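S.K.: Below is model_27.cif; it holds mmCIF, C-alpha atoms.
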data_input
#
loop_
_atom_site.label_atom_id
_atom_site.label_comp_id
_atom_site.auth_asym_id
_atom_site.auth_seq_id
_atom_site.Cartn_x
_atom_site.Cartn_y
_atom_site.Cartn_z
CA MET A 1 18.63 22.28 6.75
CA GLU A 2 21.12 19.41 6.47
CA THR A 3 21.59 19.51 10.25
CA SER A 4 17.81 19.44 10.73
CA LEU A 5 17.53 16.40 8.48
CA ARG A 6 20.31 14.55 10.26
CA ASN A 7 18.73 15.31 13.62
CA GLY A 8 15.34 14.21 12.34
CA ARG A 9 16.82 10.94 11.15
CA ARG A 10 18.47 10.33 14.54
CA ALA A 11 15.21 11.08 16.33
CA THR A 12 13.30 8.68 14.06
CA PHE A 13 15.77 5.90 14.81
CA ALA A 14 15.38 6.67 18.52
CA PHE A 15 11.58 6.41 18.43
CA PHE A 16 11.58 3.17 16.39
CA LEU A 17 14.11 1.67 18.81
CA LEU A 18 12.04 2.89 21.76
CA ASN A 19 8.84 1.37 20.39
CA GLY A 20 10.51 -1.99 19.85
CA PHE A 21 11.98 -1.88 23.35
CA LEU A 22 8.69 -0.96 25.03
CA MET A 23 6.71 -3.72 23.34
CA GLY A 24 9.56 -6.17 23.90
CA MET A 25 9.56 -5.39 27.62
CA TRP A 26 5.84 -6.11 27.79
CA ILE A 27 6.34 -9.41 25.92
CA VAL A 28 9.09 -10.67 28.22
CA HIS A 29 6.87 -9.85 31.23
CA ILE A 30 3.87 -11.81 29.95
CA PRO A 31 4.57 -14.95 32.06
CA VAL A 32 5.12 -12.83 35.20
CA VAL A 33 1.95 -10.81 34.67
CA GLU A 34 0.03 -13.99 33.89
CA GLN A 35 1.13 -15.49 37.20
CA ARG A 36 0.45 -12.29 39.16
CA THR A 37 -3.12 -11.97 37.89
CA GLY A 38 -3.85 -15.70 38.16
CA ILE A 39 -5.10 -16.13 34.59
CA GLY A 40 -4.54 -19.03 32.21
CA HIS A 41 -3.31 -19.11 28.64
CA ALA A 42 -6.83 -19.06 27.18
CA GLU A 43 -7.84 -16.00 29.20
CA LEU A 44 -4.60 -14.26 28.28
CA GLY A 45 -5.29 -14.93 24.60
CA ARG A 46 -8.66 -13.22 24.88
CA LEU A 47 -7.15 -10.26 26.73
CA LEU A 48 -4.48 -9.85 24.06
CA LEU A 49 -7.28 -9.17 21.61
CA LEU A 50 -7.89 -5.97 23.58
CA LEU A 51 -4.26 -5.01 22.99
CA GLY A 52 -4.87 -5.45 19.27
CA ALA A 53 -8.15 -3.55 19.38
CA GLY A 54 -6.50 -0.67 21.21
CA ALA A 55 -3.64 -0.60 18.69
CA PHE A 56 -6.07 -0.52 15.77
CA LEU A 57 -8.03 2.31 17.37
CA GLY A 58 -4.83 4.22 18.13
CA MET A 59 -3.70 3.90 14.50
CA ARG A 60 -6.99 5.23 13.19
CA LEU A 61 -6.85 8.18 15.58
CA ALA A 62 -3.19 9.01 15.00
CA GLY A 63 -3.38 9.25 11.20
CA PRO A 64 -5.69 12.29 10.93
CA LEU A 65 -4.13 13.87 14.03
CA THR A 66 -0.66 13.64 12.50
CA ASP A 67 -1.87 15.21 9.26
CA ARG A 68 -3.60 18.02 11.17
CA LEU A 69 -1.02 18.78 13.88
CA GLY A 70 2.20 17.37 12.41
CA ALA A 71 4.36 14.47 13.53
CA ARG A 72 6.49 16.83 15.61
CA ARG A 73 3.58 17.22 18.04
CA VAL A 74 1.86 13.85 17.81
CA LEU A 75 4.96 11.63 17.92
CA PRO A 76 6.32 12.73 21.34
CA ALA A 77 2.82 12.62 22.85
CA SER A 78 2.29 9.11 21.47
CA ALA A 79 5.66 7.94 22.77
CA ALA A 80 4.90 9.39 26.21
CA LEU A 81 1.51 7.64 26.23
CA CYS A 82 2.99 4.30 25.20
CA GLY A 83 5.84 4.65 27.70
CA ALA A 84 3.50 5.50 30.56
CA ALA A 85 1.07 2.72 29.64
CA VAL A 86 3.71 -0.01 29.66
CA VAL A 87 3.79 0.03 33.46
CA LEU A 88 0.04 -0.61 33.77
CA PRO A 89 0.08 -4.39 33.12
CA GLY A 90 2.68 -4.69 35.90
CA LEU A 91 0.28 -2.98 38.31
CA ALA A 92 -2.77 -5.06 37.35
CA ASP A 93 -3.95 -7.50 40.02
CA GLY A 94 -6.94 -8.97 38.22
CA VAL A 95 -8.65 -9.48 34.89
CA PRO A 96 -10.52 -6.12 34.69
CA ALA A 97 -7.40 -4.11 35.52
CA LEU A 98 -5.28 -6.08 33.06
CA ALA A 99 -7.91 -5.69 30.34
CA ALA A 100 -7.91 -1.91 30.77
CA ALA A 101 -4.11 -1.82 30.93
CA LEU A 102 -3.70 -3.78 27.70
CA PHE A 103 -6.26 -1.66 25.88
CA LEU A 104 -4.46 1.56 26.87
CA LEU A 105 -1.08 0.06 25.98
CA GLY A 106 -2.51 -0.89 22.60
CA ILE A 107 -3.71 2.66 21.99
CA GLY A 108 -0.28 4.01 22.89
CA ASN A 109 1.47 1.51 20.64
CA GLY A 110 -0.89 2.21 17.73
CA THR A 111 -0.52 5.99 17.89
CA LEU A 112 3.25 5.69 18.24
CA ASP A 113 3.46 3.27 15.31
CA VAL A 114 1.63 5.57 12.89
CA SER A 115 3.19 8.86 14.00
CA MET A 116 6.76 7.52 13.88
CA ASN A 117 6.19 6.04 10.41
CA ALA A 118 4.69 9.33 9.24
CA HIS A 119 7.76 11.19 10.52
CA ALA A 120 9.98 8.58 8.84
CA VAL A 121 8.26 9.43 5.54
CA GLU A 122 9.09 13.12 6.08
CA VAL A 123 12.74 12.28 6.73
CA GLU A 124 12.86 9.97 3.74
CA ARG A 125 11.36 12.67 1.53
CA GLY A 126 14.01 15.10 2.68
CA TYR A 127 16.87 12.71 1.99
CA GLY A 128 15.43 11.70 -1.38
CA ARG A 129 16.34 8.04 -0.94
CA PRO A 130 14.89 4.97 0.82
CA LEU A 131 15.36 4.86 4.60
CA MET A 132 12.24 3.11 5.86
CA SER A 133 13.69 -0.40 6.11
CA ALA A 134 16.54 0.83 8.32
CA PHE A 135 14.05 2.48 10.65
CA HIS A 136 12.12 -0.78 10.91
CA ALA A 137 15.38 -2.58 11.62
CA ALA A 138 15.80 -0.27 14.63
CA PHE A 139 12.42 -1.48 15.91
CA SER A 140 13.66 -5.07 15.68
CA VAL A 141 16.86 -4.16 17.51
CA GLY A 142 14.75 -2.59 20.27
CA GLY A 143 12.98 -5.90 20.74
CA VAL A 144 16.30 -7.74 20.97
CA LEU A 145 17.54 -5.26 23.59
CA ALA A 146 14.34 -5.79 25.58
CA ALA A 147 14.89 -9.55 25.51
CA LEU A 148 18.44 -9.10 26.79
CA ALA A 149 17.30 -6.67 29.48
CA GLY A 150 14.59 -9.07 30.58
CA ALA A 151 17.09 -11.90 30.81
CA LEU A 152 19.26 -9.75 33.08
CA VAL A 153 16.64 -8.44 35.49
CA LEU A 154 13.67 -10.83 35.63
CA ASP A 155 15.42 -13.33 37.89
CA ARG A 156 16.68 -10.55 40.17
CA VAL A 157 13.65 -8.26 40.42
CA ARG A 158 10.43 -10.09 41.14
CA SER A 159 8.05 -7.13 40.86
CA PRO A 160 6.93 -6.45 37.27
CA ALA A 161 5.75 -3.00 38.34
CA THR A 162 9.30 -2.09 39.38
CA VAL A 163 10.92 -3.14 36.11
CA LEU A 164 8.17 -1.76 33.90
CA GLY A 165 8.08 1.43 35.97
CA ALA A 166 11.80 1.92 35.36
CA THR A 167 11.18 1.22 31.68
CA ALA A 168 8.47 3.88 31.60
CA ALA A 169 10.69 6.45 33.30
CA GLY A 170 13.52 5.75 30.88
CA SER A 171 11.20 5.98 27.90
CA LEU A 172 9.97 9.42 28.99
CA LEU A 173 13.57 10.61 29.22
CA VAL A 174 14.37 9.30 25.74
CA THR A 175 11.18 10.90 24.41
CA ALA A 176 12.08 14.29 25.87
CA CYS A 177 15.56 14.18 24.33
CA ALA A 178 14.51 12.87 20.91
CA ALA A 179 11.54 15.23 20.58
CA ARG A 180 13.89 18.20 20.32
CA LEU A 181 15.46 16.70 17.17
CA LEU A 182 12.25 16.10 15.21
CA LEU A 183 11.75 17.88 11.90
CA PRO A 184 9.82 21.15 11.91
CA ARG A 185 6.26 21.09 10.56
CA GLY A 186 6.01 21.02 6.78
CA PRO A 187 7.97 19.52 3.87
CA VAL A 188 11.75 19.59 3.81
CA ASP A 189 13.14 21.25 0.70
CA THR A 190 15.93 19.46 -1.12
CA PRO A 191 17.57 20.13 -4.49
CA CYS A 192 15.15 17.68 -6.06
CA GLY A 193 12.07 19.26 -4.51
CA PRO A 194 10.13 18.09 -1.47
CA ALA A 195 7.41 16.18 -3.23
CA ALA A 196 9.44 14.45 -5.89
CA THR A 197 12.15 12.82 -3.85
CA GLY A 198 10.28 10.03 -2.08
CA PRO A 199 10.87 6.54 -3.38
CA ALA A 200 7.20 6.17 -4.27
CA ALA A 201 6.56 9.74 -5.47
CA THR A 202 8.48 9.90 -8.71
CA GLY A 203 7.07 10.29 -12.19
CA PRO A 204 4.82 12.85 -13.91
CA ALA A 205 2.02 14.76 -12.25
CA SER A 206 -0.60 12.33 -13.51
CA ALA A 207 1.26 9.48 -11.83
CA VAL A 208 1.30 11.37 -8.54
CA ARG A 209 -2.45 11.87 -8.80
CA ARG A 210 -2.88 8.16 -9.39
CA ALA A 211 -0.62 7.46 -6.42
CA ALA A 212 -2.94 9.42 -4.14
CA SER A 213 -6.04 7.54 -5.27
CA PRO A 214 -8.01 5.70 -2.58
CA ARG A 215 -7.91 2.57 -4.74
CA ARG A 216 -4.12 2.48 -4.65
CA ILE A 217 -4.06 2.94 -0.88
CA ARG A 218 -6.53 0.09 -0.52
CA ILE A 219 -4.28 -2.14 -2.62
CA LEU A 220 -1.25 -1.22 -0.51
CA ALA A 221 -3.24 -1.99 2.65
CA ALA A 222 -4.37 -5.35 1.25
CA LEU A 223 -0.79 -6.30 0.40
CA ALA A 224 0.32 -5.27 3.90
CA PHE A 225 -2.43 -7.49 5.33
CA LEU A 226 -1.16 -10.50 3.35
CA LEU A 227 2.51 -9.96 4.21
CA MET A 228 1.96 -9.28 7.90
CA LEU A 229 -0.31 -12.32 8.09
CA CYS A 230 2.72 -14.34 6.96
CA GLU A 231 4.85 -12.57 9.59
CA GLY A 232 2.28 -13.44 12.25
CA VAL A 233 2.45 -17.09 11.15
CA ALA A 234 6.23 -17.06 11.63
CA ASN A 235 5.93 -15.40 15.04
CA ASP A 236 3.50 -17.96 16.44
CA TRP A 237 4.00 -21.16 14.44
CA SER A 238 7.72 -21.43 13.65
CA THR A 239 8.60 -22.88 17.04
CA PRO A 240 5.63 -25.31 17.22
CA HIS A 241 6.45 -26.44 13.68
CA LEU A 242 9.93 -27.63 14.64
CA ARG A 243 8.72 -29.16 17.90
CA ASP A 244 5.56 -30.90 16.74
CA VAL A 245 6.34 -31.74 13.11
CA LEU A 246 10.07 -32.46 13.22
CA GLY A 247 10.35 -33.60 16.85
CA ALA A 248 12.93 -30.98 17.89
CA SER A 249 13.61 -30.27 21.55
CA ALA A 250 12.21 -27.11 23.10
CA GLY A 251 15.58 -25.35 22.94
CA THR A 252 16.18 -26.30 19.33
CA ALA A 253 12.63 -25.38 18.34
CA ALA A 254 13.15 -21.87 19.73
CA LEU A 255 15.89 -21.38 17.15
CA ALA A 256 13.25 -21.28 14.42
CA TYR A 257 11.88 -17.92 15.50
CA GLY A 258 15.42 -16.75 16.27
CA ALA A 259 16.51 -17.56 12.71
CA PHE A 260 13.49 -15.77 11.28
CA ALA A 261 13.90 -12.63 13.43
CA THR A 262 17.66 -12.39 12.93
CA ALA A 263 17.38 -12.71 9.16
CA MET A 264 14.59 -10.13 9.08
CA THR A 265 16.63 -7.61 11.08
CA ALA A 266 19.71 -8.12 8.89
CA GLY A 267 17.62 -7.87 5.73
CA ARG A 268 16.10 -4.58 6.82
CA MET A 269 19.55 -3.11 7.27
CA LEU A 270 20.32 -3.86 3.61
CA ALA A 271 16.93 -3.36 1.95
CA ASP A 272 17.19 0.43 1.58
CA ARG A 273 20.28 0.14 -0.62
CA VAL A 274 18.54 -2.39 -2.83
CA ALA A 275 15.42 -0.22 -3.05
CA GLY A 276 17.51 2.82 -3.91
CA ARG A 277 19.21 0.96 -6.76
CA LEU A 278 16.41 -1.22 -8.14
CA GLY A 279 13.27 0.50 -6.88
CA PRO A 280 10.65 -0.47 -4.27
CA ALA A 281 8.66 -2.59 -6.72
CA ALA A 282 11.66 -4.84 -7.29
CA VAL A 283 12.18 -5.23 -3.55
CA LEU A 284 8.53 -6.17 -3.04
CA ARG A 285 8.43 -8.54 -6.02
CA ALA A 286 11.67 -10.36 -5.30
CA GLY A 287 11.32 -10.23 -1.51
CA SER A 288 7.86 -11.78 -1.42
CA ALA A 289 8.95 -14.45 -3.92
CA VAL A 290 11.98 -15.29 -1.76
CA ALA A 291 9.69 -15.38 1.29
CA ALA A 292 7.40 -17.84 -0.49
CA ALA A 293 10.36 -20.08 -1.34
CA GLY A 294 11.64 -19.94 2.25
CA LEU A 295 8.29 -20.79 3.80
CA ALA A 296 7.75 -23.61 1.31
CA LEU A 297 11.15 -25.02 2.27
CA ALA A 298 10.25 -24.80 5.97
CA ALA A 299 6.82 -26.37 5.46
CA LEU A 300 8.17 -29.30 3.47
CA ALA A 301 11.52 -29.68 5.25
CA PRO A 302 12.48 -33.28 6.06
CA ASN A 303 14.78 -32.28 8.92
CA VAL A 304 15.57 -29.50 11.39
CA PRO A 305 18.50 -27.85 9.51
CA ALA A 306 16.40 -27.50 6.37
CA ALA A 307 13.50 -26.05 8.37
CA LEU A 308 15.75 -23.52 10.12
CA THR A 309 17.10 -22.49 6.73
CA GLY A 310 13.56 -22.05 5.43
CA TRP A 311 12.46 -19.86 8.35
CA ALA A 312 15.60 -17.73 7.94
CA VAL A 313 14.96 -17.31 4.20
CA LEU A 314 11.37 -16.30 4.99
CA GLY A 315 12.64 -13.58 7.33
CA ALA A 316 15.14 -12.32 4.77
CA GLY A 317 12.47 -12.20 2.08
CA LEU A 318 9.87 -10.40 4.17
CA SER A 319 12.37 -7.96 5.67
CA GLY A 320 12.15 -5.18 3.11
CA CYS A 321 8.58 -5.69 1.88
CA VAL A 322 6.32 -4.02 4.45
CA PRO A 323 8.55 -0.92 4.81
CA GLN A 324 8.13 -0.33 1.05
CA LEU A 325 4.35 -0.36 1.47
CA PHE A 326 4.43 2.06 4.42
CA SER A 327 6.76 4.35 2.50
CA ALA A 328 4.59 4.29 -0.62
CA ALA A 329 1.48 5.09 1.42
CA GLY A 330 3.19 8.03 3.11
CA HIS A 331 4.56 9.46 -0.14
CA ALA A 332 1.33 8.99 -2.11
CA ASP A 333 -0.14 12.25 -0.80
CA PRO A 334 1.99 14.43 1.54
CA ALA A 335 -1.14 16.19 2.82
CA ALA A 336 -2.65 12.88 3.98
CA ALA A 337 0.51 10.93 4.80
CA GLY A 338 -0.58 10.11 8.35
CA ALA A 339 -4.04 8.89 7.36
CA ASN A 340 -2.67 6.77 4.51
CA VAL A 341 0.02 5.21 6.69
CA ALA A 342 -2.66 4.51 9.30
CA ARG A 343 -4.82 2.69 6.74
CA VAL A 344 -1.98 0.51 5.54
CA ALA A 345 -0.52 -0.11 9.00
CA GLY A 346 -3.93 -0.77 10.54
CA LEU A 347 -4.94 -3.44 8.04
CA GLY A 348 -1.43 -4.90 8.18
CA TYR A 349 -1.68 -5.17 11.96
CA LEU A 350 -4.98 -7.03 11.60
CA GLY A 351 -3.19 -9.41 9.25
CA MET A 352 -0.53 -10.11 11.86
CA LEU A 353 -3.27 -10.97 14.37
CA ALA A 354 -5.12 -13.06 11.80
CA GLY A 355 -2.14 -15.20 10.80
CA PRO A 356 -2.04 -17.46 13.87
CA ALA A 357 -5.85 -17.61 13.94
CA VAL A 358 -6.01 -18.80 10.32
CA ILE A 359 -3.43 -21.58 10.68
CA GLY A 360 -4.88 -22.97 13.93
CA PRO A 361 -8.28 -24.08 12.56
CA LEU A 362 -6.63 -25.20 9.32
CA THR A 363 -4.58 -27.78 11.26
CA HIS A 364 -7.85 -29.57 12.07
CA LEU A 365 -8.12 -30.37 8.35
CA VAL A 366 -4.48 -30.91 7.35
CA PRO A 367 -1.19 -31.33 9.23
CA LEU A 368 0.72 -28.21 10.28
CA GLY A 369 3.35 -28.55 7.54
CA PRO A 370 0.89 -28.47 4.61
CA ALA A 371 -1.16 -25.77 6.39
CA LEU A 372 1.86 -23.48 6.12
CA LEU A 373 1.56 -23.60 2.33
CA LEU A 374 -1.40 -21.19 2.53
CA PRO A 375 0.80 -18.18 3.40
CA VAL A 376 3.17 -19.36 0.64
CA ALA A 377 0.36 -18.68 -1.83
CA LEU A 378 -0.28 -15.27 -0.24
CA CYS A 379 3.38 -14.28 -0.73
CA LEU A 380 3.11 -15.22 -4.39
CA VAL A 381 0.01 -13.03 -4.74
CA VAL A 382 1.96 -10.09 -3.34
CA SER A 383 4.85 -10.76 -5.72
CA ALA A 384 2.48 -10.72 -8.67
CA ALA A 385 0.92 -7.43 -7.51
CA ALA A 386 4.22 -5.63 -6.82
CA GLY A 387 3.75 -3.43 -9.90
CA VAL A 388 1.56 -1.18 -7.76
CA LEU A 389 4.80 0.36 -6.46
CA ALA A 390 6.26 1.06 -9.91
CA PRO A 391 6.34 4.85 -10.55
CA GLY A 392 4.17 6.18 -13.32
CA ARG A 393 2.06 3.04 -13.61
CA PRO A 394 -1.59 2.64 -12.65
CA PRO A 395 -2.34 0.34 -9.75
CA ARG A 396 -2.86 -3.26 -10.70
CA THR A 397 -3.94 -6.27 -8.70
CA ALA A 398 -2.74 -9.79 -9.29
#
Would you mind giving the structure from this file in structure tokens?

M.R.:
Amino acid sequence: METSLRNGRRATFAFFLLNGFLMGMWIVHIPVVEQRTGIGHAELGRLLLLLGAGAFLGMRLAGPLTDRLGARRVLPASAALCGAAVVLPGLADGVPALAAALFLLGIGNGTLDVSMNAHAVEVERGYGRPLMSAFHAAFSVGGVLAALAGALVLDRVRSPATVLGATAAGSLLVTACAARLLLPRGPVDTPCGPAATGPAATGPASAVRRAASPRRIRILAALAFLLMLCEGVANDWSTPHLRDVLGASAGTAALAYGAFATAMTAGRMLADRVAGRLGPAAVLRAGSAVAAAGLALAALAPNVPAALTGWAVLGAGLSGCVPQLFSAAGHADPAAAGANVARVAGLGYLGMLAGPAVIGPLTHLVPLGPALLLPVALCLVVSAAAGVLAPGRPPRTA
């Protein structure tokens, strides 16, 4: 059984890395696809909503399917779908074809996201200690590898279909190899027992029943929405903040997102150890408070170095928060792990899409710097509500 667990952990890392790489390869091809289809930025923005809609639909479908069939079946199928769909935007030659391609890619990404997180919960339950943040770090690394790969090939290979087709073929090979290592269907027995080892499934039986309550899952989903809204703000507004507010050059402004993403990846590599020692509630409480302090520093920074420090602190603070929520949702009820992860991940994904949309209109009322104080308040709300992750305690909102 130890060999099965180790193999399952390796496979989970592989699928998280693959998902990050696939979505990263699509992102680095956006300008090429935009040029090929002859659309503008505004039209692309509307089409990207279809990617989000497809992802949300895929998440809602994958949750019940994973609970019914098991992650061992759903995860490879989802990875194959996402891998095959990534080539479609490269083949699109107009708006209708690109719209359909992005919707299908979104479905593939959504199903892969939920099924791999559900399998991560199974692995975590078997090990009896936090692992989720490390898996999410692998996703971030996949995105970095995609950026490096894009930098190497985009100037040499002009056809997006060729590069994305090679990406799809490689992803199917990785899927076939990693699928053989996935855990068998059902809980993994450990000396502590399969249901009592998860980081969010400790405590007496009454606490476990409370953990499985729909109210608690709704609270976890709401917190994921708030945190991923802040992440979406960093993704889309960190670079414009340095350029437009502090007058940085384009190259220097790009460092803002780089600082955020690097700190988030590094933080995820360390967060599991902290969660194992102090508990997931402490990670969520302290992490969201640190994130609030970092974003406040960035928003009010008088110069570029201070702003870069603020965006990096935001990434470090957020790094371990969302994985704790996904883990808690998966461990709340082993029989409905997929559906619960889908609820939390789905609302969180909507938050990531909503973040940029919320800040944009707000800048018509106040400058961009003060507008960034809104997500600061949201981080503080999450910090106050972190007790929902404490074992043996009833769910509580801020």

S.K.: Going by the chain IDs and residue numbers used in this file, which residues fall under the PyMOL selection byres ((chain A and resi 330-344) around 9)? Write them as an mmCIF file with C-alpha atoms, in the frame of the given file.

M.R.:
data_model
loop_
_atom_site.group_PDB
_atom_site.id
_atom_site.type_symbol
_atom_site.label_atom_id
_atom_site.label_comp_id
_atom_site.auth_asym_id
_atom_site.auth_seq_id
_atom_site.Cartn_x
_atom_site.Cartn_y
_atom_site.Cartn_z
ATOM 1 C CA PHE A 56 -6.070 -0.520 15.770
ATOM 2 C CA MET A 59 -3.700 3.900 14.500
ATOM 3 C CA ARG A 60 -6.990 5.230 13.190
ATOM 4 C CA LEU A 61 -6.850 8.180 15.580
ATOM 5 C CA ALA A 62 -3.190 9.010 15.000
ATOM 6 C CA GLY A 63 -3.380 9.250 11.200
ATOM 7 C CA PRO A 64 -5.690 12.290 10.930
ATOM 8 C CA LEU A 65 -4.130 13.870 14.030
ATOM 9 C CA THR A 66 -0.660 13.640 12.500
ATOM 10 C CA ASP A 67 -1.870 15.210 9.260
ATOM 11 C CA ARG A 68 -3.600 18.020 11.170
ATOM 12 C CA GLY A 70 2.200 17.370 12.410
ATOM 13 C CA ALA A 71 4.360 14.470 13.530
ATOM 14 C CA GLY A 110 -0.890 2.210 17.730
ATOM 15 C CA THR A 111 -0.520 5.990 17.890
ATOM 16 C CA ASP A 113 3.460 3.270 15.310
ATOM 17 C CA VAL A 114 1.630 5.570 12.890
ATOM 18 C CA SER A 115 3.190 8.860 14.000
ATOM 19 C CA ASN A 117 6.190 6.040 10.410
ATOM 20 C CA ALA A 118 4.690 9.330 9.240
ATOM 21 C CA HIS A 119 7.760 11.190 10.520
ATOM 22 C CA ALA A 120 9.980 8.580 8.840
ATOM 23 C CA VAL A 121 8.260 9.430 5.540
ATOM 24 C CA GLU A 122 9.090 13.120 6.080
ATOM 25 C CA ARG A 125 11.360 12.670 1.530
ATOM 26 C CA PRO A 187 7.970 19.520 3.870
ATOM 27 C CA ALA A 195 7.410 16.180 -3.230
ATOM 28 C CA GLY A 198 10.280 10.030 -2.080
ATOM 29 C CA PRO A 199 10.870 6.540 -3.380
ATOM 30 C CA ALA A 200 7.200 6.170 -4.270
ATOM 31 C CA ALA A 201 6.560 9.740 -5.470
ATOM 32 C CA VAL A 208 1.300 11.370 -8.540
ATOM 33 C CA ARG A 209 -2.450 11.870 -8.800
ATOM 34 C CA ARG A 210 -2.880 8.160 -9.390
ATOM 35 C CA ALA A 211 -0.620 7.460 -6.420
ATOM 36 C CA ALA A 212 -2.940 9.420 -4.140
ATOM 37 C CA SER A 213 -6.040 7.540 -5.270
ATOM 38 C CA PRO A 214 -8.010 5.700 -2.580
ATOM 39 C CA ARG A 216 -4.120 2.480 -4.650
ATOM 40 C CA ILE A 217 -4.060 2.940 -0.880
ATOM 41 C CA ARG A 218 -6.530 0.090 -0.520
ATOM 42 C CA ILE A 219 -4.280 -2.140 -2.620
ATOM 43 C CA LEU A 220 -1.250 -1.220 -0.510
ATOM 44 C CA ALA A 221 -3.240 -1.990 2.650
ATOM 45 C CA ALA A 222 -4.370 -5.350 1.250
ATOM 46 C CA LEU A 223 -0.790 -6.300 0.400
ATOM 47 C CA ALA A 224 0.320 -5.270 3.900
ATOM 48 C CA PHE A 225 -2.430 -7.490 5.330
ATOM 49 C CA LEU A 325 4.350 -0.360 1.470
ATOM 50 C CA PHE A 326 4.430 2.060 4.420
ATOM 51 C CA SER A 327 6.760 4.350 2.500
ATOM 52 C CA ALA A 328 4.590 4.290 -0.620
ATOM 53 C CA ALA A 329 1.480 5.090 1.420
ATOM 54 C CA ALA A 345 -0.520 -0.110 9.000
ATOM 55 C CA GLY A 346 -3.930 -0.770 10.540
ATOM 56 C CA LEU A 347 -4.940 -3.440 8.040
ATOM 57 C CA GLY A 348 -1.430 -4.900 8.180
ATOM 58 C CA TYR A 349 -1.680 -5.170 11.960
#

S.K.: Counting all atoms listed in the file, which residue out of A:Val95, A:Ala84, A:Val74, A:Leu69 sits closest to Ile39 of chain A?

M.R.: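 So, comparing all the options, the nearest one is A:Val95.
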
S.K.: What separation in Å, quoted to one decimal, exists between atom CA of Pro130 of chain A and atom CA of Leu5 of chain A?

M.R.: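 We find that atom CA of Pro130 of chain A and atom CA of Leu5 of chain A lie 14.0 Å from each other.
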
S.K.: What is the atom CA of Leu284 of chain A to atom CA of Ala386 of chain A distance in Å?

M.R.: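 So the two atoms, atom CA of Leu284 of chain A and atom CA of Ala386 of chain A, lie 5.8 Å apart.
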
S.K.: Measure the distance from atom CA of Thr37 of chain A to atom CA of Gly106 of chain A in Å and round it to one decimal.

M.R.: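 Going from atom CA of Thr37 of chain A over to atom CA of Gly106 of chain A, I get 18.9 Å.
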
S.K.: Return the single residue from A:Arg10, A:Leu255, A:Ala250, A:Pro356 that is closest to Thr309 of chain A, with distances computed using only C-alpha atoms.

M.R.: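 For Thr309 of chain A, the nearest of the candidates is A:Leu255.
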